[in-house]
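I have placed the structure first, in the form of structure tokens, so that the comments after it can refer back to it.
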There are 2 protein chains.
Amino acid sequence: MPDTIPADSIGIVSPSVQKFESPLALDCGRELKEYELIYETYGQLNADKSNAVLICHALSSNHHAAGYHSMEDKKPGWWENCIGPGKPIDTNRFFVVCSNNLGGCSGSSGPMSINPETGKPYGPDFPIVTVKDWVRSQARLADALGIDQFAAVVGGSLGGMQALQWAIDFPDRLRHSVIIAAAPRLSAQNIAFNEVARQAIMTDPEFYEGRYHEHNTVPKRGLMIARMLGHITYLSDDAMRGKFGRELREGKINYGFDVEFQIESYLRYQGQSFVDRFDANTYLLMTKALDYFDPAIDYDNDLTKALAHIKTKSLVISFTTDWRFAPERSKEIVKALHDNDKDFSYIEVEADQGHDAFLMKIPYYMDTFSAYMANVK
Amino acid sequence: MPDTIPADSIGIVSPSVQKFESPLALDCGRELKEYELIYETYGQLNADKSNAVLICHALSSNHHAAGYHSMEDKKPGWWENCIGPGKPIDTNRFFVVCSNNLGGCSGSSGPMSINPETGKPYGPDFPIVTVKDWVRSQARLADALGIDQFAAVVGGSLGGMQALQWAIDFPDRLRHSVIIAAAPRLSAQNIAFNEVARQAIMTDPEFYEGRYHEHNTVPKRGLMIARMLGHITYLSDDAMRGKFGRELREGKINYGFDVEFQIESYLRYQGQSFVDRFDANTYLLMTKALDYFDPAIDYDNDLTKALAHIKTKSLVISFTTDWRFAPERSKEIVKALHDNDKDFSYIEVEADQGHDAFLMKIPYYMDTFSAYMANVK
């Protein structure tokens with residue numbers, strides 16, 4: 001709990017819910033007859049509605065990107081480092097919007113929501129959603145908020161993929177895209193990690209083919225394994241070495257299977273606490289959205305063609321020790337922007353935190369991000 | 001099945017079992033009152049018993065390193081590429097010995113063996129064994145075979161760690177150590193992957209605290225996840241890209257959770273087939289032996305001190321795209337050998353197969369390995 005809210009925080013915030021009653025056609029061929037998006041906004045929309053910035057979230061986060069829900073809140077929103085007065089996404093200047101993705105488990109329609117056709121939770125019947133579906137649903141949210149064009153669409157990791165897809169699918173509805181720690185599509189290794197996570201969840205006997213809520217249980221073991229595995233890919237080898245090394249929790253080897261090394265303790269804690277706040281069906285959907293993401297596929301598998309008609313200026317950011325979506329992957333986007341002679345900037349940030357670096361307060365990252373956003377008019 | 005045994009194979013081989021009836025004191029403080037090691041030998045021990053080469057195996061392999069058990073055998077031993085007439089470990093010159101490690105599940109005493117004190121399988125009561133314990137048990141096997149000194153001790157991955165430990169613990173009992181695709185100890189990331197694998201096994205409801213055989217079951221889901229995860233770390237990102245890319249098994253996205261990408265199919269197959277041939281308790285033991293391996297710990301955490309008294313010549317080999325035990329990790333061994341002005345050779349092999357490269361027939365690797373072994377007298 002913050003005794004007092006830090007001065008550079010947006011402060012106490014609360015979410016809103018937007019209900020959509022016209023059907024949304026999805027890439028999978030199905031449609032959602034009606035759906036809701038939960039979202040938060042920070043700052044003020046200006047008179048000509050030109051200062052809105054859309055934040056897109058990553059795999060396991062949500063619409064609560066900044067500020068605190070109450071004075072009792074232990075932690076602020078997930079991107080508090082980047083969103084707030086005087087921060088890179090300056091709430092004194094921008095009207096910031098962040099929604100929970102469709103299929104999520106934080107308040108937007110998803111597997112835990114009631115299926116209006118059955119009166120029961122969707123569970124595994126919630127349709128598979130894609131990054132393009134999310135972008136479409138976010139565009140409708142913009143419509144509802146009266147925002148014709150975002151000043152910028154911004155995101156890290158899976159959020160960066162949405163920012164890229166926005167530039168491709170709605171070239172007239174944003175002026176800037178900020179694509180952080182992302183890739184233009186997943187590698188076989190990325191898919192492999194997702195598949196192991198999915199198998200851990202789906203083979204958990206308490207998964208019940210996704211209908212675990214009907215059995216009053218959750219596949220907590222599988223979800224824990226999935227999260228532990230995810231965490232390995234979020235941290236760099238260097239970061240793990242720095243943070244945990246081979247330190248032993250009790251200072252000595254016990255020759256047993258309880259926690260011995262500090263890294264084991266960290267991972268088990270991360271895995272176990274995730275189970276209390278995240279839904280397994282949502283986890284499955286999010287990993288599939290990642291696997292399917294491939295904007296070039298509609299353009300002869302040519303990313304250069306995919307980006308030919310975009311109109312945004314772009315900022316692309318990668319982190320040196322990110323091995324989930326390495327700088328080489330960001331450079332594929334940079335190459336396609338170059339090919340098209342687009343106006344963009346690319347920075348590779350020296351950081352030892354791995355993929356998680358995009359969430360961190362790293363001076364060079366904050367400074368260049370701020371400098372770029374200062375010129376977003 | 002080979003229609004005919006290839007000419008460069010050692011041919012049909014069969015294992016032997018050596019029983020040891022004097023107790024073996026283990027690092028964990030317990031002792032094995034009696035135990036067996038299953039092993040194979042290839043080639044002929046010469047009159048002065050000076051041409052023996054010990055092969056040490058990695059996490060999931062065993063004593064069957066080369067040749068075929070019968071004409072019906074589908075596959076030869078795991079290191080057929082390196083062991084045989086005219087191969088790097090030339091069975092025309094060397095008497096090759098390879099045993100299944102203690103705690104294994106291929107015939108040496110391990111969790112599936114009968115505990116002589118209870119008349120029932122050890123299961124989880126089999127003691128935790130270390131690389132040092134293995135080296136001690138292999139030295140006793142050498143005694144039993146009348147081998148005072150090995151011409152060389154050779155291994156890849158966890159096997160390379162045994163070759164290194166041999167040089168440290170029994171400096172007079174080997175003339176050469178060949179340490180391939182290894183590391184002087186695991187990183188936090190290495191331990192993290194092992195911990196996720198262990199948690200997958202141990203949280204499987206069919207694990208029953210290791211007493212699954214008493215319940216007529218096996219924790220197949222957990223073991224499958226562990227193996228899938230292992231495979232990701234054995235292959236390089238490049239190798240996966242080359243082998244699988246983003247290829248779809250049915251040529252199109254199906255928007256479901258069945259196998260879609262080829263990499264998913266490969267991993268599920270690898271995971272499922274492993275369950276039929278490997279024991280979960282053994283998997284747990286092997287990962288613990290890896291985590292604990294740290295020869296410097298007895299020498300003020302200083303690898304240079306640990307290697308000060310070794311008498312072997314050494315060959316250290318790493319592979320460029322191995323990210324499980326990267327070349328940098330081999331270079332830690334190289335640095336300590338340098339510090340001590342030891343006689344050794346180091347090669348870094350350009351290979352895109354990742355950690356698995358140590359099993360592959362890569363010309364430069366085969367040629368230099370052969371050249372080194374040719375000078376092992």
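Residues in the structure tokens are numbered from 1 in each chain, the chains being A, B, ... in the order shown, and ligands are numbered from 1 in the order shown.
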**OP:** Provide as a PyMOL selection string the residues of chain B at most 8 Å from chain A, counting only C-alpha atoms.
**Re:** chain B and resi 28+128+187-189+191-193+195-196+199-200+203-205+221-222+225+228-229+232+237+240-241+244-246+253-256+263-264+267+292
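The closest residue to A:Phe293, picked from A:Val13, A:Leu45, A:Ala183, A:Val316 and counting only C-alpha atoms, is A:Ala183.
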Subject >> All strand (DSSP E) residues (DSSP, backbone) inside stretch 301-345 of chain B, as an MDAnalysis selection string >> reply: chainID B and resid 313:319 344:345
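Atom CA of A:Val97 lies 10.4 Å from atom CA of A:Gln44.
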Could you pull out the helix (DSSP H, G or I) residues of stretch 308-354 of chain B, going by DSSP on the backbone, and write them as a PDB file with C-alpha atoms, in the first residue's frame?
```
ATOM      1  CA  PRO B 327      30.593 -21.937 -25.799  1.00  0.00           C
ATOM      2  CA  GLU B 328      31.063 -19.298 -23.078  1.00  0.00           C
ATOM      3  CA  ARG B 329      30.505 -22.024 -20.503  1.00  0.00           C
ATOM      4  CA  SER B 330      33.125 -24.306 -22.082  1.00  0.00           C
ATOM      5  CA  LYS B 331      35.463 -21.320 -22.088  1.00  0.00           C
ATOM      6  CA  GLU B 332      35.192 -21.146 -18.309  1.00  0.00           C
ATOM      7  CA  ILE B 333      36.784 -24.602 -18.277  1.00  0.00           C
ATOM      8  CA  VAL B 334      39.312 -23.481 -20.887  1.00  0.00           C
ATOM      9  CA  LYS B 335      40.206 -20.453 -18.758  1.00  0.00           C
ATOM     10  CA  ALA B 336      40.849 -22.638 -15.706  1.00  0.00           C
ATOM     11  CA  LEU B 337      42.979 -25.041 -17.786  1.00  0.00           C
ATOM     12  CA  HIS B 338      44.942 -22.053 -19.121  1.00  0.00           C
ATOM     13  CA  ASP B 339      45.413 -20.632 -15.626  1.00  0.00           C
ATOM     14  CA  GLY B 354      22.206 -26.408 -30.788  1.00  0.00           C
TER      15      GLY B 354
END
```
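Residue neighbourhood of A:Gln18, excluding near-sequence residues (fewer than 4 positions): Glu34, Tyr35, Glu36, Leu37, Ile38, Tyr39, Glu40, Ser99, Asn100, Gly107, Ser108, Ser109, Ser137, Gln138, Arg140, Leu141, Ala142, Asp143, Ala144 and Leu145 of chain A, at 12 Å, using only C-alpha atoms.
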Residues of the last selection are to be written out with N, CA, C and O atoms, as a PDB file, in the first residue's frame.
```
ATOM      1  N   GLU A  34     -22.599 -10.106 -29.001  1.00  0.00           N
ATOM      2  CA  GLU A  34     -22.434  -8.915 -28.159  1.00  0.00           C
ATOM      3  C   GLU A  34     -21.229  -9.162 -27.263  1.00  0.00           C
ATOM      4  O   GLU A  34     -20.842 -10.318 -27.045  1.00  0.00           O
ATOM      5  N   TYR A  35     -20.640  -8.109 -26.806  1.00  0.00           N
ATOM      6  CA  TYR A  35     -19.460  -8.259 -25.945  1.00  0.00           C
ATOM      7  C   TYR A  35     -19.209  -6.972 -25.193  1.00  0.00           C
ATOM      8  O   TYR A  35     -19.747  -5.906 -25.538  1.00  0.00           O
ATOM      9  N   GLU A  36     -18.381  -7.093 -24.172  1.00  0.00           N
ATOM     10  CA  GLU A  36     -18.007  -5.921 -23.379  1.00  0.00           C
ATOM     11  C   GLU A  36     -16.490  -5.779 -23.360  1.00  0.00           C
ATOM     12  O   GLU A  36     -15.772  -6.776 -23.403  1.00  0.00           O
ATOM     13  N   LEU A  37     -16.054  -4.540 -23.291  1.00  0.00           N
ATOM     14  CA  LEU A  37     -14.633  -4.274 -23.046  1.00  0.00           C
ATOM     15  C   LEU A  37     -14.529  -3.429 -21.786  1.00  0.00           C
ATOM     16  O   LEU A  37     -15.228  -2.413 -21.651  1.00  0.00           O
ATOM     17  N   ILE A  38     -13.677  -3.881 -20.879  1.00  0.00           N
ATOM     18  CA  ILE A  38     -13.394  -3.062 -19.701  1.00  0.00           C
ATOM     19  C   ILE A  38     -12.152  -2.238 -20.039  1.00  0.00           C
ATOM     20  O   ILE A  38     -11.246  -2.731 -20.723  1.00  0.00           O
ATOM     21  N   TYR A  39     -12.145  -0.987 -19.622  1.00  0.00           N
ATOM     22  CA  TYR A  39     -11.002  -0.125 -19.971  1.00  0.00           C
ATOM     23  C   TYR A  39     -10.808   0.936 -18.912  1.00  0.00           C
ATOM     24  O   TYR A  39     -11.704   1.196 -18.097  1.00  0.00           O
ATOM     25  N   GLU A  40      -9.624   1.503 -18.919  1.00  0.00           N
ATOM     26  CA  GLU A  40      -9.353   2.653 -18.066  1.00  0.00           C
ATOM     27  C   GLU A  40      -8.878   3.799 -18.948  1.00  0.00           C
ATOM     28  O   GLU A  40      -8.347   3.564 -20.037  1.00  0.00           O
ATOM     29  N   SER A  99      -7.581  -0.989 -22.748  1.00  0.00           N
ATOM     30  CA  SER A  99      -8.676  -1.933 -22.509  1.00  0.00           C
ATOM     31  C   SER A  99      -8.122  -3.337 -22.304  1.00  0.00           C
ATOM     32  O   SER A  99      -7.024  -3.658 -22.752  1.00  0.00           O
ATOM     33  N   ASN A 100      -8.874  -4.148 -21.604  1.00  0.00           N
ATOM     34  CA  ASN A 100      -8.537  -5.570 -21.470  1.00  0.00           C
ATOM     35  C   ASN A 100      -8.952  -6.251 -22.775  1.00  0.00           C
ATOM     36  O   ASN A 100     -10.061  -6.042 -23.272  1.00  0.00           O
ATOM     37  N   GLY A 107     -12.288  -8.632 -17.022  1.00  0.00           N
ATOM     38  CA  GLY A 107     -13.515  -7.857 -17.095  1.00  0.00           C
ATOM     39  C   GLY A 107     -14.066  -7.714 -18.499  1.00  0.00           C
ATOM     40  O   GLY A 107     -15.259  -7.479 -18.678  1.00  0.00           O
ATOM     41  N   SER A 108     -13.220  -7.845 -19.512  1.00  0.00           N
ATOM     42  CA  SER A 108     -13.738  -7.874 -20.880  1.00  0.00           C
ATOM     43  C   SER A 108     -14.348  -9.248 -21.137  1.00  0.00           C
ATOM     44  O   SER A 108     -14.069 -10.212 -20.413  1.00  0.00           O
ATOM     45  N   SER A 109     -15.171  -9.329 -22.174  1.00  0.00           N
ATOM     46  CA  SER A 109     -15.781 -10.630 -22.482  1.00  0.00           C
ATOM     47  C   SER A 109     -14.690 -11.655 -22.759  1.00  0.00           C
ATOM     48  O   SER A 109     -13.750 -11.392 -23.513  1.00  0.00           O
ATOM     49  N   SER A 137     -11.748  -4.720 -32.337  1.00  0.00           N
ATOM     50  CA  SER A 137     -12.586  -4.425 -31.163  1.00  0.00           C
ATOM     51  C   SER A 137     -12.140  -3.120 -30.506  1.00  0.00           C
ATOM     52  O   SER A 137     -12.966  -2.362 -29.996  1.00  0.00           O
ATOM     53  N   GLN A 138     -10.834  -2.850 -30.545  1.00  0.00           N
ATOM     54  CA  GLN A 138     -10.334  -1.586 -29.971  1.00  0.00           C
ATOM     55  C   GLN A 138     -10.785  -0.396 -30.826  1.00  0.00           C
ATOM     56  O   GLN A 138     -11.065   0.692 -30.300  1.00  0.00           O
ATOM     57  N   ARG A 140     -13.562  -0.211 -32.356  1.00  0.00           N
ATOM     58  CA  ARG A 140     -14.954   0.062 -31.969  1.00  0.00           C
ATOM     59  C   ARG A 140     -15.030   0.804 -30.640  1.00  0.00           C
ATOM     60  O   ARG A 140     -15.922   1.626 -30.438  1.00  0.00           O
ATOM     61  N   LEU A 141     -14.107   0.476 -29.749  1.00  0.00           N
ATOM     62  CA  LEU A 141     -14.065   1.213 -28.486  1.00  0.00           C
ATOM     63  C   LEU A 141     -13.743   2.681 -28.771  1.00  0.00           C
ATOM     64  O   LEU A 141     -14.344   3.591 -28.186  1.00  0.00           O
ATOM     65  N   ALA A 142     -12.796   2.909 -29.686  1.00  0.00           N
ATOM     66  CA  ALA A 142     -12.459   4.284 -30.081  1.00  0.00           C
ATOM     67  C   ALA A 142     -13.706   4.994 -30.617  1.00  0.00           C
ATOM     68  O   ALA A 142     -13.985   6.152 -30.257  1.00  0.00           O
ATOM     69  N   ASP A 143     -14.460   4.290 -31.468  1.00  0.00           N
ATOM     70  CA  ASP A 143     -15.718   4.867 -31.977  1.00  0.00           C
ATOM     71  C   ASP A 143     -16.613   5.297 -30.814  1.00  0.00           C
ATOM     72  O   ASP A 143     -17.150   6.403 -30.797  1.00  0.00           O
ATOM     73  N   ALA A 144     -16.761   4.399 -29.860  1.00  0.00           N
ATOM     74  CA  ALA A 144     -17.651   4.668 -28.730  1.00  0.00           C
ATOM     75  C   ALA A 144     -17.181   5.872 -27.926  1.00  0.00           C
ATOM     76  O   ALA A 144     -17.993   6.607 -27.354  1.00  0.00           O
ATOM     77  N   LEU A 145     -15.865   6.074 -27.903  1.00  0.00           N
ATOM     78  CA  LEU A 145     -15.304   7.201 -27.145  1.00  0.00           C
ATOM     79  C   LEU A 145     -15.205   8.456 -28.009  1.00  0.00           C
ATOM     80  O   LEU A 145     -14.731   9.498 -27.551  1.00  0.00           O
TER      81      LEU A 145
END
```
**OP:** Would you mind telling me which residue in A:Tyr212, A:Phe274, A:Phe325, A:Trp166 lies nearest to A:Cys56 when using only C-alpha atoms?
**Re:** A:Trp166
